[in-house]
file run_19.pdb (PDB, C-alpha atoms)
MODEL        1
ATOM      1  CA  MET A   1      16.097 -12.763   6.731
ATOM      2  CA  THR A   2      13.792 -15.178   4.856
ATOM      3  CA  ARG A   3      10.772 -13.296   6.221
ATOM      4  CA  LEU A   4      12.201  -9.986   4.924
ATOM      5  CA  ILE A   5      12.958 -11.377   1.449
ATOM      6  CA  LEU A   6       9.466 -12.909   1.202
ATOM      7  CA  MET A   7       7.885  -9.570   2.198
ATOM      8  CA  LEU A   8      10.057  -7.718  -0.367
ATOM      9  CA  VAL A   9       8.951 -10.132  -3.095
ATOM     10  CA  PHE A  10       5.312  -9.768  -1.952
ATOM     11  CA  PHE A  11       5.614  -5.949  -2.027
ATOM     12  CA  ILE A  12       7.154  -5.867  -5.534
ATOM     13  CA  CYS A  13       4.590  -8.383  -6.885
ATOM     14  CA  CYS A  14       1.627  -6.445  -5.427
ATOM     15  CA  SER A  15       2.924  -3.043  -6.495
ATOM     16  CA  THR A  16       3.865  -4.014 -10.060
ATOM     17  CA  GLY A  17       0.920  -6.405 -10.437
ATOM     18  CA  GLY A  18      -1.529  -3.719  -9.265
ATOM     19  CA  GLU A  19      -0.185  -1.083 -11.635
ATOM     20  CA  ILE A  20      -0.093  -3.485 -14.587
ATOM     21  CA  ALA A  21      -3.655  -4.640 -13.867
ATOM     22  CA  MET A  22      -4.747  -0.979 -13.619
ATOM     23  CA  THR A  23      -3.061  -0.175 -16.959
ATOM     24  CA  HIS A  24      -4.598  -3.245 -18.624
ATOM     25  CA  GLY A  25      -8.030  -2.208 -17.305
ATOM     26  CA  MET A  26      -7.640   1.400 -18.455
ATOM     27  CA  LYS A  27      -6.552   0.217 -21.918
ATOM     28  CA  GLN A  28      -9.857  -1.733 -22.073
ATOM     29  CA  VAL A  29     -11.799   1.333 -20.890
ATOM     30  CA  GLY A  30     -10.112   3.477 -23.548
ATOM     31  CA  GLU A  31      -9.157   7.123 -23.426
ATOM     32  CA  PRO A  32     -11.805   9.811 -22.804
ATOM     33  CA  GLU A  33     -13.512  11.140 -25.953
ATOM     34  CA  SER A  34     -12.831  14.694 -24.732
ATOM     35  CA  PHE A  35     -12.148  16.581 -21.496
ATOM     36  CA  ARG A  36     -15.675  17.988 -21.232
ATOM     37  CA  PRO A  37     -17.442  17.183 -17.907
ATOM     38  CA  ARG A  38     -19.965  14.776 -19.472
ATOM     39  CA  ALA A  39     -17.278  12.805 -21.340
ATOM     40  CA  LEU A  40     -15.116  12.661 -18.192
ATOM     41  CA  LEU A  41     -18.070  11.390 -16.112
ATOM     42  CA  ARG A  42     -18.718   8.695 -18.734
ATOM     43  CA  PHE A  43     -15.002   7.805 -18.625
ATOM     44  CA  ILE A  44     -15.070   7.522 -14.796
ATOM     45  CA  GLY A  45     -18.243   5.407 -15.000
ATOM     46  CA  LYS A  46     -16.583   2.990 -17.427
ATOM     47  CA  ALA A  47     -13.448   2.798 -15.260
ATOM     48  CA  ILE A  48     -15.530   2.030 -12.137
ATOM     49  CA  SER A  49     -17.330  -0.794 -13.944
ATOM     50  CA  CYS A  50     -14.086  -2.383 -15.200
ATOM     51  CA  GLY A  51     -13.169  -5.609 -13.399
ATOM     52  CA  TRP A  52      -9.416  -5.151 -13.888
ATOM     53  CA  VAL A  53      -9.535  -1.805 -12.040
ATOM     54  CA  TRP A  54     -11.201  -3.538  -9.063
ATOM     55  CA  PHE A  55      -8.617  -6.328  -9.273
ATOM     56  CA  ALA A  56      -5.839  -3.694  -9.159
ATOM     57  CA  LEU A  57      -7.121  -1.735  -6.125
ATOM     58  CA  PRO A  58      -6.622  -4.457  -3.426
ATOM     59  CA  LEU A  59      -3.187  -5.247  -4.881
ATOM     60  CA  LEU A  60      -2.186  -1.569  -4.623
ATOM     61  CA  ALA A  61      -3.584  -1.401  -1.072
ATOM     62  CA  ALA A  62      -1.606  -4.568  -0.162
ATOM     63  CA  SER A  63       1.570  -3.047  -1.649
ATOM     64  CA  PHE A  64       1.067   0.102   0.460
ATOM     65  CA  TYR A  65       0.644  -1.872   3.696
ATOM     66  CA  SER A  66       3.516  -4.237   2.900
ATOM     67  CA  LEU A  67       5.724  -1.162   2.342
ATOM     68  CA  LEU A  68       4.740   0.103   5.813
ATOM     69  CA  ILE A  69       5.577  -3.328   7.305
ATOM     70  CA  LEU A  70       8.935  -3.385   5.450
ATOM     71  CA  LEU A  71       9.764   0.067   6.796
ATOM     72  CA  SER A  72       9.139  -1.192  10.332
ATOM     73  CA  TRP A  73      11.299  -4.312   9.768
ATOM     74  CA  ALA A  74      14.277  -3.103   7.746
ATOM     75  CA  PRO A  75      16.400   0.049   7.384
ATOM     76  CA  LEU A  76      15.656   2.556   4.627
ATOM     77  CA  SER A  77      18.885   1.547   2.879
ATOM     78  CA  VAL A  78      17.261  -1.830   2.155
ATOM     79  CA  VAL A  79      13.645  -0.797   1.534
ATOM     80  CA  ILE A  80      14.261   2.198  -0.792
ATOM     81  CA  PRO A  81      16.416   0.390  -3.396
ATOM     82  CA  ALA A  82      13.864  -2.451  -3.313
ATOM     83  CA  SER A  83      10.988  -0.042  -4.000
ATOM     84  CA  ALA A  84      13.000   1.752  -6.721
ATOM     85  CA  PHE A  85      13.608  -1.702  -8.267
ATOM     86  CA  ASN A  86       9.859  -1.602  -9.040
ATOM     87  CA  TYR A  87      10.712   0.587 -12.051
ATOM     88  CA  VAL A  88      12.754  -2.238 -13.574
ATOM     89  CA  VAL A  89      10.272  -5.024 -12.681
ATOM     90  CA  GLY A  90       7.414  -2.817 -13.943
ATOM     91  CA  THR A  91       9.163  -2.327 -17.276
ATOM     92  CA  PHE A  92       9.611  -6.113 -17.634
ATOM     93  CA  GLY A  93       5.887  -6.477 -16.839
ATOM     94  CA  ALA A  94       5.010  -3.824 -19.417
ATOM     95  CA  LYS A  95       7.105  -5.614 -22.042
ATOM     96  CA  TYR A  96       5.961  -9.197 -21.454
ATOM     97  CA  LEU A  97       2.425  -8.806 -20.029
ATOM     98  CA  LEU A  98       1.183  -5.598 -21.659
ATOM     99  CA  ARG A  99       3.157  -6.242 -24.892
ATOM    100  CA  GLU A 100       4.633  -2.730 -24.896
ATOM    101  CA  GLN A 101       7.697  -2.147 -27.077
ATOM    102  CA  VAL A 102      10.497  -1.098 -24.740
ATOM    103  CA  SER A 103      13.363   0.348 -26.792
ATOM    104  CA  PRO A 104      16.984   0.363 -25.499
ATOM    105  CA  LYS A 105      16.640   4.144 -24.983
ATOM    106  CA  ARG A 106      13.589   3.625 -22.722
ATOM    107  CA  TRP A 107      15.436   0.860 -20.802
ATOM    108  CA  MET A 108      18.377   3.205 -20.291
ATOM    109  CA  GLY A 109      16.014   5.926 -19.018
ATOM    110  CA  VAL A 110      14.237   3.523 -16.624
ATOM    111  CA  ILE A 111      17.550   2.289 -15.146
ATOM    112  CA  MET A 112      18.783   5.877 -14.666
ATOM    113  CA  VAL A 113      15.503   6.815 -12.949
ATOM    114  CA  CYS A 114      15.779   3.716 -10.715
ATOM    115  CA  ILE A 115      19.327   4.625  -9.572
ATOM    116  CA  GLY A 116      18.407   8.330  -9.291
ATOM    117  CA  VAL A 117      15.365   7.667  -7.076
ATOM    118  CA  THR A 118      17.499   5.447  -4.816
ATOM    119  CA  LEU A 119      20.127   8.199  -4.437
ATOM    120  CA  VAL A 120      17.523  10.938  -3.792
ATOM    121  CA  LEU A 121      15.566   8.946  -1.208
ATOM    122  CA  LEU A 122      18.618   7.649   0.639
ATOM    123  CA  THR A 123      19.936  11.142   1.438
TER     124      THR A 123
ATOM    125  CA  MET B   1      -1.519  19.556 -34.413
ATOM    126  CA  SER B   2      -0.354  16.119 -35.625
ATOM    127  CA  HIS B   3      -1.487  12.954 -33.818
ATOM    128  CA  GLU B   4       2.056  12.322 -32.511
ATOM    129  CA  ARG B   5       2.459  15.869 -31.118
ATOM    130  CA  ARG B   6      -1.062  15.826 -29.622
ATOM    131  CA  LEU B   7      -0.301  12.492 -27.897
ATOM    132  CA  ARG B   8       2.975  13.828 -26.481
ATOM    133  CA  PHE B   9       1.335  17.076 -25.356
ATOM    134  CA  LYS B  10      -1.606  15.495 -23.510
ATOM    135  CA  THR B  11       0.678  12.871 -21.899
ATOM    136  CA  LEU B  12       3.038  15.624 -20.730
ATOM    137  CA  VAL B  13       0.112  17.619 -19.267
ATOM    138  CA  MET B  14      -1.207  14.522 -17.422
ATOM    139  CA  VAL B  15       2.253  13.620 -16.029
ATOM    140  CA  LEU B  16       2.762  17.214 -14.827
ATOM    141  CA  LEU B  17      -0.694  17.163 -13.180
ATOM    142  CA  MET B  18       0.229  13.793 -11.564
ATOM    143  CA  VAL B  19       3.431  15.280 -10.137
ATOM    144  CA  VAL B  20       1.681  18.432  -8.855
ATOM    145  CA  CYS B  21      -1.219  16.482  -7.288
ATOM    146  CA  ALA B  22       1.076  13.867  -5.672
ATOM    147  CA  ASN B  23       3.392  16.507  -4.179
ATOM    148  CA  LEU B  24       0.546  18.725  -2.929
ATOM    149  CA  GLY B  25      -1.282  15.664  -1.560
ATOM    150  CA  ASP B  26       1.789  14.488   0.388
ATOM    151  CA  LEU B  27       2.416  18.028   1.653
ATOM    152  CA  MET B  28      -1.187  18.424   2.881
ATOM    153  CA  LEU B  29      -1.158  14.993   4.583
ATOM    154  CA  LYS B  30       2.101  15.860   6.344
ATOM    155  CA  ARG B  31       0.743  19.273   7.428
ATOM    156  CA  GLY B  32      -2.512  17.667   8.618
ATOM    157  CA  MET B  33      -0.687  14.992  10.620
ATOM    158  CA  LEU B  34       1.534  17.669  12.196
ATOM    159  CA  GLN B  35      -1.643  19.491  13.297
ATOM    160  CA  ILE B  36      -2.957  16.235  14.839
ATOM    161  CA  GLY B  37       0.334  15.372  16.530
ATOM    162  CA  ALA B  38       2.127  12.077  17.133
ATOM    163  CA  VAL B  39      -0.197   9.049  17.118
ATOM    164  CA  GLN B  40      -0.161   6.988  20.325
ATOM    165  CA  MET B  41       0.132   3.295  19.370
ATOM    166  CA  THR B  42      -2.643   2.135  21.708
ATOM    167  CA  PRO B  43      -6.223   1.200  20.657
ATOM    168  CA  ALA B  44      -7.543   4.442  22.213
ATOM    169  CA  GLY B  45      -4.739   6.494  20.640
ATOM    170  CA  ILE B  46      -5.341   5.020  17.177
ATOM    171  CA  TRP B  47      -9.107   5.586  17.514
ATOM    172  CA  LEU B  48      -8.495   9.217  18.560
ATOM    173  CA  ALA B  49      -6.110   9.723  15.599
ATOM    174  CA  LEU B  50      -8.738   8.281  13.224
ATOM    175  CA  LEU B  51     -11.399  10.678  14.557
ATOM    176  CA  SER B  52      -8.950  13.592  14.350
ATOM    177  CA  THR B  53      -8.080  12.827  10.710
ATOM    178  CA  ILE B  54     -11.783  12.625   9.786
ATOM    179  CA  HIS B  55     -12.368  16.095  11.273
ATOM    180  CA  ASN B  56      -9.209  17.649   9.794
ATOM    181  CA  ALA B  57      -9.804  19.786   6.665
ATOM    182  CA  THR B  58      -6.108  19.693   5.636
ATOM    183  CA  ILE B  59      -6.182  15.872   5.561
ATOM    184  CA  TRP B  60      -9.295  15.996   3.330
ATOM    185  CA  LEU B  61      -7.520  18.470   1.040
ATOM    186  CA  GLY B  62      -4.595  16.003   0.848
ATOM    187  CA  ILE B  63      -6.985  13.142   0.022
ATOM    188  CA  PHE B  64      -8.598  15.338  -2.662
ATOM    189  CA  PHE B  65      -5.193  15.892  -4.331
ATOM    190  CA  LEU B  66      -4.296  12.195  -4.095
ATOM    191  CA  ILE B  67      -7.616  11.280  -5.757
ATOM    192  CA  GLY B  68      -6.651  13.843  -8.431
ATOM    193  CA  PHE B  69      -3.299  12.053  -8.819
ATOM    194  CA  THR B  70      -5.036   8.670  -9.227
ATOM    195  CA  PHE B  71      -7.457  10.105 -11.803
ATOM    196  CA  CYS B  72      -4.592  11.660 -13.827
ATOM    197  CA  TYR B  73      -2.596   8.397 -13.643
ATOM    198  CA  MET B  74      -5.573   6.315 -14.803
ATOM    199  CA  THR B  75      -6.281   8.766 -17.630
ATOM    200  CA  ALA B  76      -2.637   8.822 -18.759
ATOM    201  CA  VAL B  77      -2.308   5.011 -18.924
ATOM    202  CA  SER B  78      -5.599   4.796 -20.862
ATOM    203  CA  TRP B  79      -3.662   5.999 -23.935
ATOM    204  CA  ALA B  80       0.062   5.947 -23.024
ATOM    205  CA  ASP B  81       2.394   3.051 -22.162
ATOM    206  CA  TYR B  82       2.829   2.075 -18.506
ATOM    207  CA  SER B  83       6.601   1.902 -19.131
ATOM    208  CA  TYR B  84       6.408   5.548 -20.304
ATOM    209  CA  VAL B  85       4.159   7.051 -17.577
ATOM    210  CA  MET B  86       5.774   5.225 -14.601
ATOM    211  CA  PRO B  87       9.368   6.574 -14.957
ATOM    212  CA  ALA B  88       8.103   9.997 -16.087
ATOM    213  CA  GLY B  89       6.202  10.274 -12.785
ATOM    214  CA  ALA B  90       9.541   9.994 -10.940
ATOM    215  CA  PHE B  91      10.208  13.568 -12.065
ATOM    216  CA  GLY B  92       8.330  14.492  -8.855
ATOM    217  CA  TYR B  93      11.392  13.515  -6.765
ATOM    218  CA  ALA B  94      13.481  16.044  -8.717
ATOM    219  CA  VAL B  95      10.783  18.728  -8.237
ATOM    220  CA  GLN B  96      10.658  17.984  -4.475
ATOM    221  CA  THR B  97      14.433  18.510  -4.186
ATOM    222  CA  MET B  98      14.315  21.766  -6.149
ATOM    223  CA  LEU B  99      11.386  23.048  -4.025
ATOM    224  CA  ALA B 100      13.296  22.101  -0.856
ATOM    225  CA  VAL B 101      16.248  24.226  -2.019
ATOM    226  CA  ILE B 102      14.255  27.191  -3.407
ATOM    227  CA  ILE B 103      11.457  27.483  -0.812
ATOM    228  CA  LEU B 104      12.786  25.815   2.339
ATOM    229  CA  HIS B 105      16.459  26.809   1.707
ATOM    230  CA  GLU B 106      17.544  23.275   2.604
ATOM    231  CA  VAL B 107      21.128  22.203   1.976
ATOM    232  CA  VAL B 108      21.138  19.295  -0.466
ATOM    233  CA  SER B 109      24.043  16.839  -0.582
ATOM    234  CA  ALA B 110      26.079  16.184  -3.745
ATOM    235  CA  ARG B 111      24.786  12.579  -3.784
ATOM    236  CA  ARG B 112      21.181  13.799  -3.860
ATOM    237  CA  TRP B 113      21.958  16.302  -6.652
ATOM    238  CA  PHE B 114      23.548  13.446  -8.622
ATOM    239  CA  GLY B 115      20.322  11.455  -8.107
ATOM    240  CA  VAL B 116      18.259  14.419  -9.367
ATOM    241  CA  VAL B 117      20.455  14.694 -12.487
ATOM    242  CA  LEU B 118      20.054  10.940 -13.151
ATOM    243  CA  ILE B 119      16.253  11.210 -12.776
ATOM    244  CA  VAL B 120      16.034  14.228 -15.115
ATOM    245  CA  VAL B 121      18.261  12.606 -17.780
ATOM    246  CA  GLY B 122      16.370   9.288 -17.398
ATOM    247  CA  VAL B 123      12.974  11.013 -17.771
ATOM    248  CA  LEU B 124      14.278  12.952 -20.811
ATOM    249  CA  LEU B 125      15.458   9.669 -22.392
ATOM    250  CA  VAL B 126      12.076   7.995 -21.767
ATOM    251  CA  GLY B 127      10.346  11.168 -23.024
ATOM    252  CA  GLN B 128      12.112  10.843 -26.380
ATOM    253  CA  THR B 129      10.509   7.434 -27.018
ATOM    254  CA  HIS B 130       7.000   7.085 -28.458
ATOM    255  CA  PRO B 131       4.398   7.457 -25.639
ATOM    256  CA  SER B 132       2.201   4.638 -26.962
ATOM    257  CA  THR B 133       3.427   1.414 -28.571
ATOM    258  CA  THR B 134       0.113  -0.437 -28.254
ATOM    259  CA  THR B 135      -3.213   0.483 -29.866
ATOM    260  CA  PRO B 136      -5.447   2.285 -27.349
ATOM    261  CA  LYS B 137      -9.158   2.670 -28.044
ATOM    262  CA  VAL B 138     -11.533   5.580 -27.395
ATOM    263  CA  ALA B 139     -14.146   5.107 -24.662
ATOM    264  CA  SER B 140     -17.580   4.946 -26.271
ATOM    265  CA  SER B 141     -20.892   5.542 -24.517
TER     266      SER B 141
ENDMDL
END
call {"tool": "encode", "arguments": {"input": "run_19.pdb", "output": "structure tokens"}}
result
Amino acid sequence: MTRLILMLVFFICCSTGGEIAMTHGMKQVGEPESFRPRALLRFIGKAISCGWVWFALPLLAASFYSLLILLSWAPLSVVIPASAFNYVVGTFGAKYLLREQVSPKRWMGVIMVCIGVTLVLLT
Amino acid sequence: MSHERRLRFKTLVMVLLMVVCANLGDLMLKRGMLQIGAVQMTPAGIWLALLSTIHNATIWLGIFFLIGFTFCYMTAVSWADYSYVMPAGAFGYAVQTMLAVIILHEVVSARRWFGVVLIVVGVLLVGQTHPSTTTPKVASS
């Protein structure tokens, strides 16, 4: 049981941490000047040379493999709600680490999506 | 077009592209793995599966779409909030259910339909908030 809880915590930390690091990196890169091929290539070049993007990639890979391990250890009824809980943890991360303003309406939407994803994936 | 409407429009386009690429990518990977067959969990079986995936065009098509998903996601969060893009991307689960009913004629349980309704209402609620509450910058050369 302890092993399962530790792996769940590891999965949520890697998944949310990876996505927050990726967002932080992309905010530093900035949005593309336009959607012309040359501007997009410049945008990709800047993203590839951003340290935060490279910090995010192993975390996202670790979250993927820890999800596979969780699926082999525990039933879907445990793993799916835990992975849907990422929406809530991610929103906390966005609010406190990325300094995004999360209004009550956005919180309500995130919680509904979290419950909805759990219901869809469990059937 | 005003800045606000332009921001909403390009975020919506990117999220829709994310959903399309993720769904097509998953579909192609599943089709490719069905062509390869069940993987034997022995060193030789895993090695054979690896070689088969490398030589399978459908798997490469799936990888292409998933790279497209990653690119769209990275582009979207370069200007929009993570707490806006992340739940909006869940709209893909609702699309998957609708495709399963329309194309595959699957029977969907009431619980799953309730989940779809919650996702759609949740995404609509998030969609009504401002896509960016931080100050993004424009990539310069």
call {"tool": "residues_around", "arguments": {"input": "run_19.pdb", "residues": "Thr70 of chain B", "least_positions_apart": "2", "cutoff": "12 Å", "atoms": "only C-alpha atoms", "output": "VMD selection string"}}
result
(chain A and resid 19 22 to 23 44 47 53 57 60) or (chain B and resid 14 to 15 17 to 22 25 63 to 68 72 to 77 89)
call {"tool": "atom_distance", "arguments": {"input": "run_19.pdb", "atom1": "atom CA of Trp54 of chain A", "atom2": "atom CA of Phe92 of chain A"}}
result
22.7 Å
call {"tool": "atom_distance", "arguments": {"input": "run_19.pdb", "atom1": "atom CA of Leu29 of chain B", "atom2": "atom CA of Trp73 of chain A"}}
result
23.6 Å
call {"tool": "resolve_selection", "arguments": {"input": "run_19.pdb", "expression": "the PyMOL selection byres ((chain B) within 10 of (chain A))", "output": "ChimeraX atom specification"}}
result
/B:71,73-84,86-94,96-97,108-130,132-141
call {"tool": "atom_distance", "arguments": {"input": "run_19.pdb", "atom1": "atom CA of Gly17 of chain A", "atom2": "atom CA of Ala56 of chain A"}}
result
7.4 Å
call {"tool": "closest_residue", "arguments": {"input": "run_19.pdb", "among": "A:Trp52, A:Phe85, A:Tyr65, A:Tyr96", "to": "Gly18 of chain A", "atoms": "all atoms listed in the file"}}
result
A:Trp52
call {"tool": "resolve_selection", "arguments": {"input": "run_19.pdb", "expression": "the PyMOL selection byres ((chain B and resi 33) around 10)", "output": "list of chain:residue names"}}
result
B:Leu27, B:Met28, B:Leu29, B:Lys30, B:Arg31, B:Gly32, B:Leu34, B:Gln35, B:Ile36, B:Gly37, B:Ala38, B:Val39, B:Ala49, B:Ser52, B:Thr53, B:Asn56, B:Thr58, B:Ile59
call {"tool": "axis_aligned_box", "arguments": {"input": "run_19.pdb", "around": "segment 48-62 of chain A", "padding_each_side": "5 Å", "output": "lines of an AutoDock Vina configuration file"}}
result
center_x = -9.5
center_y = -2.1
center_z = -7.7
size_x = 25.7
size_y = 18.4
size_z = 25.0
call {"tool": "closest_residue", "arguments": {"input": "run_19.pdb", "among": "A:Ala62, A:Ala21, A:Val89, A:Ala74", "to": "Ile5 of chain A", "atoms": "only C-alpha atoms"}}
result
A:Ala74
